[in-house]
file final.csv (CSV, C-alpha atoms and all ligand atoms)
chain,number,residue,atom,x,y,z
J,1371,MET,CA,20.7,-69.8,-55.5
J,1372,PRO,CA,22.8,-67.5,-53.4
J,1373,ARG,CA,25.6,-69.2,-51.8
J,1374,LYS,CA,26.0,-68.9,-48.0
J,1375,ALA,CA,29.3,-67.4,-46.8
J,1376,GLN,CA,30.3,-70.3,-44.7
J,1377,SER,CA,33.9,-69.2,-44.2
J,1378,THR,CA,32.8,-66.4,-41.9
J,1379,GLN,CA,31.3,-68.9,-39.4
J,1380,ARG,CA,33.3,-69.2,-36.2
J,1381,ILE,CA,34.4,-72.7,-35.4
J,1382,LEU,CA,33.7,-73.1,-31.7
J,1383,PRO,CA,35.5,-75.6,-29.5
J,1384,LYS,CA,33.5,-78.4,-27.9
J,1385,THR,CA,33.1,-77.0,-24.4
J,1386,LEU,CA,32.6,-78.4,-21.0
J,1387,VAL,CA,31.3,-75.8,-18.4
J,1388,VAL,CA,32.1,-76.8,-14.8
J,1389,GLY,CA,30.5,-75.0,-11.9
J,1390,VAL,CA,32.3,-75.9,-8.6
J,1391,HIS,CA,30.8,-75.3,-5.2
J,1392,ALA,CA,34.1,-74.8,-3.4
J,1393,PRO,CA,34.5,-75.1,0.4
J,1394,TYR,CA,35.3,-71.4,0.7
J,1395,ASN,CA,32.1,-70.4,-1.0
J,1396,ARG,CA,29.7,-69.7,1.9
J,1397,LEU,CA,26.8,-68.3,-0.2
J,1398,PRO,CA,23.5,-69.4,1.1
J,1399,TYR,CA,22.0,-69.8,-2.4
J,1400,ILE,CA,24.5,-71.7,-4.5
J,1401,GLN,CA,22.0,-72.0,-7.4
J,1402,SER,CA,22.1,-68.3,-7.8
J,1403,TYR,CA,25.9,-68.4,-7.9
J,1404,PHE,CA,25.8,-71.0,-10.6
J,1405,ASP,CA,23.2,-69.0,-12.6
J,1406,GLU,CA,25.6,-66.0,-12.4
J,1407,PHE,CA,28.4,-68.2,-13.6
J,1408,ILE,CA,26.3,-69.5,-16.6
J,1409,ASN,CA,25.5,-65.9,-17.3
J,1410,LEU,CA,29.3,-65.1,-17.4
J,1411,VAL,CA,29.8,-68.0,-19.8
J,1412,LYS,CA,27.0,-66.6,-22.0
J,1413,THR,CA,28.3,-63.1,-21.8
J,1414,ALA,CA,31.7,-64.4,-23.0
J,1415,GLU,CA,29.8,-66.0,-25.9
J,1416,LEU,CA,31.3,-69.5,-25.2
J,1417,PRO,CA,29.4,-72.6,-26.1
J,1418,GLN,CA,28.0,-74.9,-23.4
J,1419,ASP,CA,28.1,-78.4,-25.0
J,1420,LYS,CA,28.1,-80.0,-21.6
J,1421,VAL,CA,27.4,-78.4,-18.2
J,1422,HIS,CA,28.5,-80.1,-15.0
J,1423,PHE,CA,28.1,-79.0,-11.4
J,1424,THR,CA,30.1,-80.4,-8.5
J,1425,LYS,CA,30.6,-79.9,-4.8
J,1426,LEU,CA,34.1,-80.0,-3.3
J,1427,ARG,CA,34.9,-80.8,0.4
J,1428,GLU,CA,38.5,-79.8,0.0
J,1429,ILE,CA,40.8,-78.3,-2.6
J,1430,ASP,CA,43.7,-80.2,-4.1
J,1431,SER,CA,46.7,-78.0,-4.4
J,1432,SER,CA,47.9,-79.6,-7.7
J,1433,TYR,CA,44.6,-80.1,-9.6
J,1434,PHE,CA,42.1,-78.0,-7.6
J,1435,LEU,CA,39.7,-81.0,-7.8
J,1436,THR,CA,40.1,-84.1,-5.6
J,1437,LYS,CA,40.6,-87.5,-7.1
J,1438,GLY,CA,37.1,-88.8,-7.6
J,1439,LYS,CA,35.8,-85.5,-9.0
J,1440,LEU,CA,38.8,-85.3,-11.3
J,1441,GLN,CA,38.0,-88.8,-12.6
J,1442,GLU,CA,34.5,-87.7,-13.4
J,1443,LEU,CA,35.8,-84.8,-15.5
J,1444,VAL,CA,38.3,-87.0,-17.3
J,1445,GLU,CA,35.5,-89.3,-18.4
J,1446,LEU,CA,33.2,-86.4,-19.3
J,1447,CYS,CA,35.9,-84.9,-21.5
J,1448,LYS,CA,36.7,-88.3,-23.2
J,1449,GLU,CA,33.0,-89.1,-23.8
J,1450,ASN,CA,32.2,-85.7,-25.3
J,1451,ASN,CA,35.5,-85.0,-27.1
J,1452,ILE,CA,35.9,-81.9,-25.1
J,1453,GLU,CA,38.4,-79.3,-26.3
J,1454,LEU,CA,37.8,-76.5,-23.8
J,1455,VAL,CA,36.9,-76.6,-20.1
J,1456,VAL,CA,35.6,-73.5,-18.3
J,1457,PHE,CA,35.8,-73.4,-14.5
J,1458,SER,CA,33.7,-71.2,-12.2
J,1459,GLU,CA,36.7,-70.7,-9.8
J,1460,PRO,CA,40.1,-69.1,-10.1
J,1461,LEU,CA,42.9,-71.6,-10.5
J,1462,SER,CA,46.6,-71.3,-9.8
J,1463,SER,CA,48.9,-71.5,-12.8
J,1464,MET,CA,50.1,-75.0,-11.7
J,1465,GLN,CA,46.5,-76.3,-11.3
J,1466,GLU,CA,45.6,-74.9,-14.7
J,1467,ARG,CA,48.6,-76.5,-16.4
J,1468,ASN,CA,48.1,-79.9,-14.7
J,1469,LEU,CA,44.4,-79.9,-15.7
J,1470,GLU,CA,45.3,-78.9,-19.2
J,1471,ASP,CA,47.6,-81.9,-19.4
J,1472,LEU,CA,45.3,-84.4,-17.7
J,1473,LEU,CA,42.1,-83.4,-19.6
J,1474,ASP,CA,43.9,-82.7,-22.9
J,1475,ALA,CA,41.9,-79.5,-23.3
J,1476,GLU,CA,42.3,-75.8,-23.0
J,1477,ILE,CA,41.3,-74.4,-19.6
J,1478,ILE,CA,39.6,-71.1,-18.9
J,1479,ASP,CA,39.3,-70.3,-15.2
J,1480,ARG,CA,37.2,-67.6,-13.5
J,1481,THR,CA,39.9,-65.0,-13.8
J,1482,LYS,CA,40.5,-65.5,-17.5
J,1483,LEU,CA,36.7,-65.6,-18.1
J,1484,ILE,CA,36.1,-62.2,-16.5
J,1485,LEU,CA,39.2,-60.7,-18.2
J,1486,ASP,CA,37.9,-61.8,-21.6
J,1487,ILE,CA,34.5,-60.4,-20.9
J,1488,PHE,CA,36.1,-57.1,-19.9
J,1489,GLU,CA,38.2,-57.1,-23.1
J,1490,ASN,CA,35.0,-57.5,-25.2
J,1491,ALA,CA,33.1,-54.9,-23.3
J,1492,ALA,CA,35.7,-52.1,-23.3
J,1493,VAL,CA,34.9,-49.2,-25.6
J,1494,THR,CA,36.9,-46.2,-24.7
J,1495,ASN,CA,40.6,-45.9,-25.1
J,1496,GLU,CA,41.0,-45.8,-21.3
J,1497,GLY,CA,38.9,-49.0,-20.8
J,1498,LYS,CA,40.8,-50.8,-23.5
J,1499,THR,CA,44.2,-49.9,-22.2
J,1500,GLN,CA,43.2,-50.9,-18.6
J,1501,VAL,CA,42.0,-54.3,-19.7
J,1502,ALA,CA,45.0,-54.8,-21.9
J,1503,ILE,CA,47.3,-54.2,-18.9
J,1504,ALA,CA,45.3,-56.7,-16.8
J,1505,GLN,CA,45.5,-59.3,-19.6
J,1506,LEU,CA,49.2,-58.9,-20.0
J,1507,GLN,CA,49.7,-59.2,-16.2
J,1508,HIS,CA,47.7,-62.3,-16.2
J,1509,ALA,CA,49.7,-63.8,-19.1
J,1510,LYS,CA,52.9,-62.9,-17.4
J,1511,ALA,CA,51.9,-64.7,-14.2
J,1512,ARG,CA,50.9,-67.8,-16.3
J,1513,LEU,CA,54.1,-67.8,-18.2
J,1514,ALA,CA,56.0,-69.6,-15.4
J,1515,GLY,CA,56.6,-73.2,-16.5
J,1516,LYS,CA,54.5,-72.9,-19.6
J,1517,GLY,CA,55.1,-73.9,-23.2
J,1518,ILE,CA,58.5,-73.7,-24.6
J,1519,PHE,CA,60.3,-73.4,-21.3
J,1520,LEU,CA,58.8,-76.6,-19.8
J,1521,GLY,CA,59.6,-78.5,-23.0
J,1522,GLN,CA,63.2,-77.4,-22.9
J,1523,GLN,CA,63.5,-78.4,-19.2
J,1524,LYS,CA,62.2,-81.8,-20.0
J,1525,GLY,CA,64.6,-82.2,-22.8
J,1526,GLY,CA,67.4,-80.7,-20.8
J,1527,THR,CA,68.5,-78.3,-23.4
J,1528,ALA,CA,67.7,-74.7,-22.4
J,1529,MET,CA,67.6,-72.9,-25.7
J,1530,ARG,CA,69.3,-69.6,-25.2
J,1531,THR,CA,68.8,-66.5,-27.2
J,1532,GLY,CA,71.5,-64.0,-28.2
J,1533,ALA,CA,72.1,-62.4,-24.8
J,1534,GLY,CA,72.1,-65.7,-23.0
J,1535,GLU,CA,68.5,-65.6,-21.9
J,1536,THR,CA,65.9,-68.3,-22.4
J,1537,LEU,CA,63.0,-67.8,-24.7
J,1538,LYS,CA,60.7,-67.7,-21.7
J,1539,GLU,CA,62.8,-64.9,-20.1
J,1540,ARG,CA,62.6,-63.0,-23.4
J,1541,GLU,CA,58.8,-63.4,-23.6
J,1542,LYS,CA,58.5,-62.2,-20.1
J,1543,ARG,CA,60.7,-59.1,-20.8
J,1544,HIS,CA,58.6,-58.4,-23.9
J,1545,ILE,CA,55.4,-58.5,-21.9
J,1546,GLU,CA,56.9,-56.3,-19.2
J,1547,GLN,CA,57.9,-53.7,-21.9
J,1548,LEU,CA,54.4,-53.8,-23.3
J,1549,ILE,CA,52.9,-53.3,-19.9
J,1550,LEU,CA,55.2,-50.3,-19.3
J,1551,LYS,CA,54.2,-48.8,-22.6
J,1552,LEU,CA,50.5,-49.2,-21.9
J,1553,LYS,CA,50.9,-47.8,-18.4
J,1554,LYS,CA,52.5,-44.6,-19.9
J,1555,GLN,CA,49.6,-44.2,-22.3
J,1556,LEU,CA,47.1,-44.8,-19.5
J,1557,LYS,CA,48.8,-42.1,-17.4
J,1558,LYS,CA,48.3,-39.6,-20.2
J,1559,ILE,CA,44.6,-40.5,-20.5
J,1560,GLU,CA,44.2,-40.2,-16.7
J,1561,GLN,CA,45.8,-36.8,-16.7
J,1562,ALA,CA,43.2,-35.6,-19.2
J,1563,ARG,CA,40.5,-37.0,-16.9
J,1564,GLN,CA,42.0,-35.3,-13.8
J,1565,THR,CA,41.8,-32.0,-15.6
J,1566,GLN,CA,38.2,-32.6,-16.5
J,1567,ARG,CA,37.5,-33.5,-12.9
J,1568,LYS,CA,39.2,-30.4,-11.5
J,1569,ARG,CA,37.0,-28.3,-13.7
J,1570,ARG,CA,33.9,-30.2,-12.5
J,1571,LEU,CA,34.9,-29.9,-8.9
J,1572,GLY,CA,35.7,-26.2,-9.3
J,1573,SER,CA,32.2,-25.6,-10.6
J,1574,GLY,CA,30.7,-26.8,-7.3
J,1575,VAL,CA,28.2,-29.1,-9.1
J,1576,LYS,CA,27.3,-32.1,-6.9
J,1577,GLN,CA,28.3,-35.5,-8.1
J,1578,VAL,CA,26.1,-38.6,-7.7
J,1579,ALA,CA,27.6,-42.0,-8.6
J,1580,LEU,CA,25.7,-45.3,-9.3
J,1581,ILE,CA,27.5,-48.3,-7.9
J,1582,GLY,CA,26.6,-51.9,-7.3
J,1583,TYR,CA,26.9,-55.5,-8.2
J,1584,THR,CA,26.9,-56.4,-11.8
J,1585,ASN,CA,23.4,-56.7,-13.4
J,1586,ALA,CA,21.8,-54.9,-10.4
J,1587,GLY,CA,20.2,-52.3,-12.7
J,1588,LYS,CA,22.5,-49.3,-12.5
J,1589,SER,CA,22.3,-48.4,-16.2
J,1590,THR,CA,18.6,-48.9,-16.3
J,1591,LEU,CA,18.3,-46.5,-13.4
J,1592,LEU,CA,20.6,-44.0,-15.1
J,1593,ASN,CA,18.3,-44.2,-18.2
J,1594,THR,CA,15.2,-43.6,-16.1
J,1595,LEU,CA,16.7,-40.8,-14.1
J,1596,ALA,CA,18.6,-39.0,-16.8
J,1597,LYS,CA,17.2,-40.3,-20.1
J,1598,ALA,CA,20.7,-41.4,-20.8
J,1599,ASN,CA,20.2,-44.2,-23.4
J,1600,VAL,CA,23.0,-46.3,-21.9
J,1601,LEU,CA,23.2,-50.0,-22.8
J,1602,ALA,CA,21.2,-52.0,-20.2
J,1603,GLN,CA,21.3,-55.7,-20.7
J,1604,ASP,CA,20.9,-59.0,-19.0
J,1605,LYS,CA,24.6,-59.5,-19.5
J,1606,LEU,CA,27.3,-59.2,-16.9
J,1607,PHE,CA,29.5,-56.2,-17.1
J,1608,ALA,CA,27.4,-54.5,-19.8
J,1609,THR,CA,28.9,-51.2,-18.6
J,1610,LEU,CA,32.7,-50.8,-18.4
J,1611,ASP,CA,33.2,-47.2,-19.1
J,1612,THR,CA,31.9,-44.4,-17.1
J,1613,THR,CA,28.9,-42.4,-18.5
J,1614,THR,CA,28.0,-39.1,-16.9
J,1615,ARG,CA,24.8,-37.2,-17.3
J,1616,GLU,CA,23.1,-34.1,-15.8
J,1617,LEU,CA,20.6,-35.1,-13.2
J,1618,PHE,CA,17.4,-33.1,-12.8
J,1619,VAL,CA,14.7,-33.7,-10.2
J,1620,ASP,CA,11.4,-31.7,-10.5
J,1621,SER,CA,13.1,-29.6,-13.2
J,1622,LYS,CA,15.8,-28.6,-10.7
J,1623,LYS,CA,19.4,-29.5,-11.5
J,1624,VAL,CA,20.6,-31.7,-8.6
J,1625,GLY,CA,24.0,-32.4,-10.0
J,1626,ILE,CA,25.6,-34.9,-12.3
J,1627,ILE,CA,25.2,-38.6,-12.2
J,1628,SER,CA,27.6,-41.3,-13.4
J,1629,ASP,CA,27.3,-45.0,-14.1
J,1630,THR,CA,30.2,-47.3,-13.3
J,1631,VAL,CA,31.5,-50.8,-13.9
J,1632,GLY,CA,29.6,-53.5,-11.9
J,1633,PHE,CA,31.3,-55.4,-9.1
J,1634,ILE,CA,31.4,-59.2,-8.7
J,1635,GLN,CA,32.8,-61.6,-6.2
J,1636,GLU,CA,36.4,-62.5,-6.8
J,1637,LEU,CA,36.9,-59.8,-9.3
J,1638,PRO,CA,40.4,-60.6,-10.6
J,1639,HIS,CA,42.9,-58.5,-8.7
J,1640,GLN,CA,44.6,-57.5,-12.0
J,1641,LEU,CA,41.3,-55.8,-13.0
J,1642,ILE,CA,40.9,-54.0,-9.6
J,1643,GLU,CA,44.5,-52.7,-10.1
J,1644,ALA,CA,43.9,-51.7,-13.7
J,1645,PHE,CA,40.5,-50.0,-12.9
J,1646,LYS,CA,41.7,-48.4,-9.8
J,1647,SER,CA,42.0,-44.9,-11.3
J,1648,THR,CA,38.4,-45.1,-12.8
J,1649,LEU,CA,37.0,-46.5,-9.6
J,1650,SER,CA,38.9,-44.0,-7.4
J,1651,GLU,CA,36.7,-41.3,-9.0
J,1652,LEU,CA,34.1,-42.6,-6.6
J,1653,GLY,CA,36.2,-40.9,-3.9
J,1654,TYR,CA,35.1,-37.5,-5.4
J,1655,ALA,CA,31.4,-38.3,-5.4
J,1656,ASP,CA,29.1,-36.5,-3.0
J,1657,LEU,CA,26.6,-39.3,-2.9
J,1658,LEU,CA,26.7,-43.0,-3.8
J,1659,LEU,CA,23.6,-44.7,-5.0
J,1660,HIS,CA,24.2,-48.3,-4.2
J,1661,VAL,CA,21.9,-50.3,-6.5
J,1662,VAL,CA,21.0,-53.8,-5.2
J,1663,ASP,CA,19.0,-56.5,-7.1
J,1664,LEU,CA,16.5,-57.4,-4.4
J,1665,SER,CA,15.2,-60.3,-6.6
J,1666,ASP,CA,18.6,-62.2,-6.3
J,1667,PRO,CA,18.5,-64.4,-3.2
J,1668,ASN,CA,22.2,-63.6,-2.5
J,1669,TRP,CA,21.6,-59.8,-2.4
J,1670,GLN,CA,23.0,-59.4,1.0
J,1671,ASN,CA,26.3,-61.1,-0.1
J,1672,HIS,CA,26.4,-58.8,-3.1
J,1673,ILE,CA,26.2,-55.8,-0.8
J,1674,ARG,CA,29.1,-57.2,1.2
J,1675,VAL,CA,31.1,-57.7,-2.0
J,1676,VAL,CA,30.5,-54.0,-2.9
J,1677,HIS,CA,31.4,-52.8,0.6
J,1678,ASN,CA,34.7,-54.9,0.6
J,1679,LEU,CA,35.7,-53.4,-2.7
J,1680,LEU,CA,35.0,-49.9,-1.6
J,1681,ASP,CA,37.1,-50.6,1.5
J,1682,ASP,CA,39.9,-51.8,-0.7
J,1683,LEU,CA,39.7,-48.6,-2.7
J,1684,GLY,CA,39.5,-46.5,0.5
J,1685,VAL,CA,36.2,-45.0,-0.6
J,1686,GLU,CA,34.0,-43.9,2.3
J,1687,LYS,CA,31.0,-41.7,1.2
J,1688,GLU,CA,27.4,-40.9,2.0
J,1689,MET,CA,25.4,-43.8,0.6
J,1690,VAL,CA,21.8,-44.6,-0.2
J,1691,TYR,CA,20.8,-48.2,-0.7
J,1692,VAL,CA,18.6,-48.4,-3.8
J,1693,PHE,CA,16.8,-51.8,-3.6
J,1694,ASN,CA,15.8,-52.6,-7.2
J,1695,LYS,CA,13.6,-55.0,-9.2
J,1696,LYS,CA,10.9,-54.8,-6.7
J,1697,ASP,CA,8.5,-56.1,-9.4
J,1698,LYS,CA,10.5,-59.4,-9.4
J,1699,VAL,CA,10.4,-60.0,-5.7
J,1700,ASP,CA,7.6,-62.5,-4.7
J,1701,ASN,CA,8.2,-62.4,-0.9
J,1702,LEU,CA,8.6,-58.7,-0.4
J,1703,GLU,CA,6.9,-58.8,3.1
J,1704,GLU,CA,9.4,-61.4,4.2
J,1705,VAL,CA,12.5,-59.5,3.1
J,1706,LEU,CA,11.4,-56.2,4.4
J,1707,PRO,CA,12.8,-56.8,8.0
J,1708,LEU,CA,16.2,-57.5,6.4
J,1709,VAL,CA,16.0,-54.5,4.1
J,1710,GLN,CA,15.4,-52.3,7.2
J,1711,GLN,CA,18.9,-52.9,8.3
J,1712,TYR,CA,20.3,-50.9,5.5
J,1713,ARG,CA,19.8,-47.2,6.0
J,1714,PRO,CA,18.9,-45.0,4.3
J,1715,HIS,CA,17.2,-47.0,1.6
J,1716,VAL,CA,14.5,-46.8,-1.0
J,1717,ILE,CA,12.7,-49.7,-2.9
J,1718,ILE,CA,12.1,-49.2,-6.6
J,1719,SER,CA,11.8,-50.8,-10.0
J,1720,ALA,CA,14.3,-48.9,-12.1
J,1721,ASP,CA,12.5,-49.7,-15.4
J,1722,ASP,CA,9.2,-48.2,-14.1
J,1723,LYS,CA,9.5,-44.4,-13.9
J,1724,ALA,CA,6.5,-44.1,-11.5
J,1725,SER,CA,8.1,-46.5,-9.0
J,1726,VAL,CA,11.3,-44.4,-8.8
J,1727,THR,CA,9.6,-41.6,-6.9
J,1728,PRO,CA,10.9,-42.6,-3.5
J,1729,LEU,CA,14.4,-42.1,-4.9
J,1730,THR,CA,13.7,-38.8,-6.6
J,1731,ASP,CA,12.1,-37.6,-3.4
J,1732,HIS,CA,15.2,-38.6,-1.5
J,1733,LEU,CA,17.5,-36.9,-4.0
J,1734,SER,CA,15.4,-33.7,-3.8
J,1735,ASN,CA,15.7,-33.6,0.0
J,1736,TRP,CA,19.4,-34.4,-0.2
J,1737,HIS,CA,19.9,-31.6,-2.7
J,1738,ALA,CA,18.0,-29.1,-0.4
J,1739,LEU,CA,20.3,-30.1,2.5
J,1740,GLN,CA,23.4,-29.6,0.3
J,1741,SER,CA,22.6,-26.1,-0.6
J,1742,PRO,CA,20.8,-24.5,2.5
J,1743,GLN,CA,18.8,-21.4,1.8
J,1744,PRO,CA,20.4,-18.3,3.3
J,1745,PRO,CA,18.4,-17.0,6.4
J,1746,LYS,CA,15.9,-14.3,5.5
M,1,LIG,N1,12.3,-56.9,-13.7
M,1,LIG,C1,13.2,-55.9,-13.7
M,1,LIG,N2,14.3,-56.0,-14.4
M,1,LIG,C2,15.2,-54.9,-14.3
M,1,LIG,C3,14.9,-53.8,-13.5
M,1,LIG,N3,16.0,-53.0,-13.6
M,1,LIG,C4,16.9,-53.6,-14.4
M,1,LIG,N4,16.4,-54.7,-14.9
M,1,LIG,C5,17.0,-55.6,-15.9
M,1,LIG,O1,18.2,-56.2,-15.3
M,1,LIG,C6,19.2,-56.4,-16.3
M,1,LIG,C7,20.5,-55.6,-15.9
M,1,LIG,O2,20.3,-54.2,-16.0
M,1,LIG,P1,21.4,-53.2,-16.2
M,1,LIG,O3,20.8,-51.8,-16.0
M,1,LIG,O4,22.2,-53.5,-17.4
M,1,LIG,O5,22.4,-53.5,-15.0
M,1,LIG,P2,23.8,-52.9,-14.6
M,1,LIG,O6,23.8,-52.8,-13.1
M,1,LIG,O7,24.0,-51.7,-15.3
M,1,LIG,O8,24.8,-54.1,-15.0
M,1,LIG,P3,26.3,-54.0,-15.5
M,1,LIG,O9,26.6,-52.8,-16.3
M,1,LIG,O10,26.5,-55.3,-16.2
M,1,LIG,O11,27.1,-54.0,-14.2
M,1,LIG,C8,18.6,-55.8,-17.6
M,1,LIG,O12,18.0,-57.0,-18.3
M,1,LIG,C9,17.4,-54.9,-17.1
M,1,LIG,O13,16.4,-54.9,-18.1
M,1,LIG,C10,13.7,-53.8,-12.7
M,1,LIG,O14,13.4,-52.9,-11.9
M,1,LIG,N5,12.9,-54.8,-12.9
M,2,MG,MG,25.5,-51.2,-16.6
call {"tool": "encode", "arguments": {"input": "final.csv", "output": "structure tokens"}}
result
Amino acid sequence: MPRKAQSTQRILPKTLVVGVHAPYNRLPYIQSYFDEFINLVKTAELPQDKVHFTKLREIDSSYFLTKGKLQELVELCKENNIELVVFSEPLSSMQERNLEDLLDAEIIDRTKLILDIFENAAVTNEGKTQVAIAQLQHAKARLAGKGIFLGQQKGGTAMRTGAGETLKEREKRHIEQLILKLKKQLKKIEQARQTQRKRRLGSGVKQVALIGYTNAGKSTLLNTLAKANVLAQDKLFATLDTTTRELFVDSKKVGIISDTVGFIQELPHQLIEAFKSTLSELGYADLLLHVVDLSDPNWQNHIRVVHNLLDDLGVEKEMVYVFNKKDKVDNLEEVLPLVQQYRPHVIISADDKASVTPLTDHLSNWHALQSPQPPK
């Protein structure tokens, strides 16, 4: 009988997944927020041995969770021999450290969860370098008071290395040097992209960019519009790297269209920083197609998240709202008055070519306006 290669199996830690309804979270549909969080955990390929949801009235500065809620977690961890706890919210480094000590488990907070997903999703050299910088910056911020340094303080003997610096200082310096090296590499990659962009802009070809909340259906739409064969999945951040294709409507070339990384609420600031150069490309677009998943009850909040990020990036461009997944909306009549507030807009199902006609009509008209016919 053939023997199974058991050694290749990954040993996964016993994991507790904690969704917290924090007081600052004003989303009207918290279940949809929790669903999104579970989807993040799945995308990160983490186990879910135990899932726990809790609502907080206030935040504790040392532990994030208040006393009673914390006690529940301590018991859950003990009963289930938990080794890893994943939180839906960002934690300060002090909160993370205190929780780690109290629960005797490794902690992954929202920031680390998203950083890890980005790390797995990055394909191109540029994407990988950007994520590596963000990871290192996160590690540097978490270094304060961690590991060896804390142990030494407790013991009162600050172990000094050759030049009289502590190991923690040396580790910090090492991380800073790595960041600097990666930033230099990134600059070179960016310069190559700038040259490509100049060439594109010089050619006068119009640029259309797909933007929107993660999982809204941007890649699906790119595939339908431009037969692009881009990975479209019910995973968050399936797309990290920009894909660009020629866009034809009624056999006429309208311009080029590109897919971008999806946005999410509380996108770690390290990632915004690292992806700034990719995202700033949006500033060169002639038209933004803002794809919105109309079947998600929090769709209006998702629009807000995207607007806030565009504001942060200083991007202000002509925009069309593309309300997507029409086929999944049960109460279309009810949401129509809300949809009317966003102009101009179209309502489509990106995976059904026939239903995309309102968008292609819009693009066709837009193109006609961009290149007016000379008077006869
Ligand atoms: N029912 C339905 N599902 C859709 C539609 N459009 C996209 N989807 C599904 O929604 C999921 C996400 O689609 P993607 O195209 O990967 O979304 P995205 O915006 O590119 O996501 P990221 O790259 O992760 O930011 C996939 O499972 C798609 O099959 C639609 O019109 N109707
Ligand atoms: Mg995508």
call {"tool": "closest_atom_pairs", "arguments": {"input": "final.csv", "of": "chain J", "to": "ligand MG 2 (chain M)", "cutoff": "7 Å", "atoms": "only C-alpha atoms and all ligand atoms", "output": "Markdown table"}}
result
| residue | atom | partner | partner_atom | distance |
| --- | --- | --- | --- | --- |
| J:Asn1585 | CA | M:MG2 | MG | 6.7 |
| J:Gly1587 | CA | M:MG2 | MG | 6.7 |
| J:Lys1588 | CA | M:MG2 | MG | 5.4 |
| J:Ser1589 | CA | M:MG2 | MG | 4.3 |
| J:Leu1601 | CA | M:MG2 | MG | 6.7 |
| J:Ala1602 | CA | M:MG2 | MG | 5.7 |
| J:Phe1607 | CA | M:MG2 | MG | 6.4 |
| J:Ala1608 | CA | M:MG2 | MG | 5.0 |
| J:Thr1609 | CA | M:MG2 | MG | 3.9 |
| J:Asp1629 | CA | M:MG2 | MG | 6.9 |
| J:Thr1630 | CA | M:MG2 | MG | 6.9 |
| J:Val1631 | CA | M:MG2 | MG | 6.6 |
| J:Gly1632 | CA | M:MG2 | MG | 6.6 |
call {"tool": "atom_distance", "arguments": {"input": "final.csv", "atom1": "atom C9 of ligand LIG 1 (chain M)", "atom2": "CA of Ala1504 (chain J)"}}
result
28.0 Å
call {"tool": "residues_near_ligand", "arguments": {"input": "final.csv", "ligand": "ligand LIG 1 (chain M)", "cutoff": "9 Å", "atoms": "all atoms listed in the file", "output": "PyMOL selection string"}}
result
chain J and resi 1580-1593+1600-1610+1629-1634+1661-1663+1665+1694-1699+1718-1722+1725
call {"tool": "atom_distance", "arguments": {"input": "final.csv", "atom1": "CA of His1677 (chain J)", "atom2": "CA of Phe1423 (chain J)"}}
result
29.0 Å
call {"tool": "atom_distance", "arguments": {"input": "final.csv", "atom1": "CA of Lys1646 (chain J)", "atom2": "CA of Pro1667 (chain J)"}}
result
28.9 Å
call {"tool": "residues_around", "arguments": {"input": "final.csv", "residues": "Ala1475 (chain J)", "least_positions_apart": "2", "cutoff": "10 Å", "atoms": "all atoms listed in the file", "output": "list in words"}}
result
Pro1383, Lys1384, Thr1385, Leu1386, Cys1447, Asn1451, Ile1452, Glu1453, Leu1454, Val1455, Leu1469, Glu1470, Asp1471, Leu1472, Leu1473, Ile1477 and Ile1478 of chain J
call {"tool": "residues_around", "arguments": {"input": "final.csv", "residues": "Lys1554 (chain J)", "least_positions_apart": "5", "cutoff": "12 Å", "atoms": "all atoms listed in the file", "output": "PyMOL selection string"}}
result
chain J and resi 1496+1499-1500+1503+1547-1549+1559-1561
call {"tool": "residues_around", "arguments": {"input": "final.csv", "residues": "region 1729-1742 of chain J", "least_positions_apart": "5", "cutoff": "7 Å", "atoms": "all atoms listed in the file", "output": "compact mmCIF listing (two decimals) with C-alpha atoms, keeping the file's coordinate frame"}}
result
# COMPACT_ATOMS: atom_id res chain seq x y z
CA VAL J 1619 14.70 -33.70 -10.20
CA VAL J 1624 20.60 -31.70 -8.60
CA VAL J 1716 14.50 -46.80 -1.00
call {"tool": "residues_around", "arguments": {"input": "final.csv", "residues": "Ile1627 (chain J)", "least_positions_apart": "4", "cutoff": "8 Å", "atoms": "only C-alpha atoms", "output": "list in words"}}
result
Gln1577, Val1578, Ala1579, Leu1580, Leu1592, Thr1614, Arg1615, Glu1616 and Leu1617 of chain J
call {"tool": "residues_around", "arguments": {"input": "final.csv", "residues": "Tyr1403 (chain J)", "least_positions_apart": "3", "cutoff": "12 Å", "atoms": "all atoms listed in the file", "output": "list in words"}}
result
Gly1389, Val1390, His1391, Ala1392, Asn1395, Arg1396, Leu1397, Pro1398, Tyr1399, Ile1400, Glu1406, Phe1407, Ile1408, Asn1409, Leu1410, Phe1423, Ser1458, Glu1459, Ile1634, Gln1635, Asp1666, Pro1667, Asn1668, Trp1669, Asn1671 and His1672 of chain J
call {"tool": "closest_residue", "arguments": {"input": "final.csv", "among": "J:Leu1641, J:Leu1683, J:Val1411, J:Val1675", "to": "Gly1653 (chain J)", "atoms": "only C-alpha atoms"}}
result
J:Leu1683
call {"tool": "closest_residue", "arguments": {"input": "final.csv", "among": "J:Gly1574, J:Asp1682, J:Leu1513, J:Tyr1394", "to": "Lys1542 (chain J)", "atoms": "all atoms listed in the file"}}
result
J:Leu1513
call {"tool": "closest_residue", "arguments": {"input": "final.csv", "among": "J:Leu1649, J:Ala1724, J:Met1689, J:Val1456", "to": "Leu1595 (chain J)", "atoms": "all atoms listed in the file"}}
result
J:Ala1724
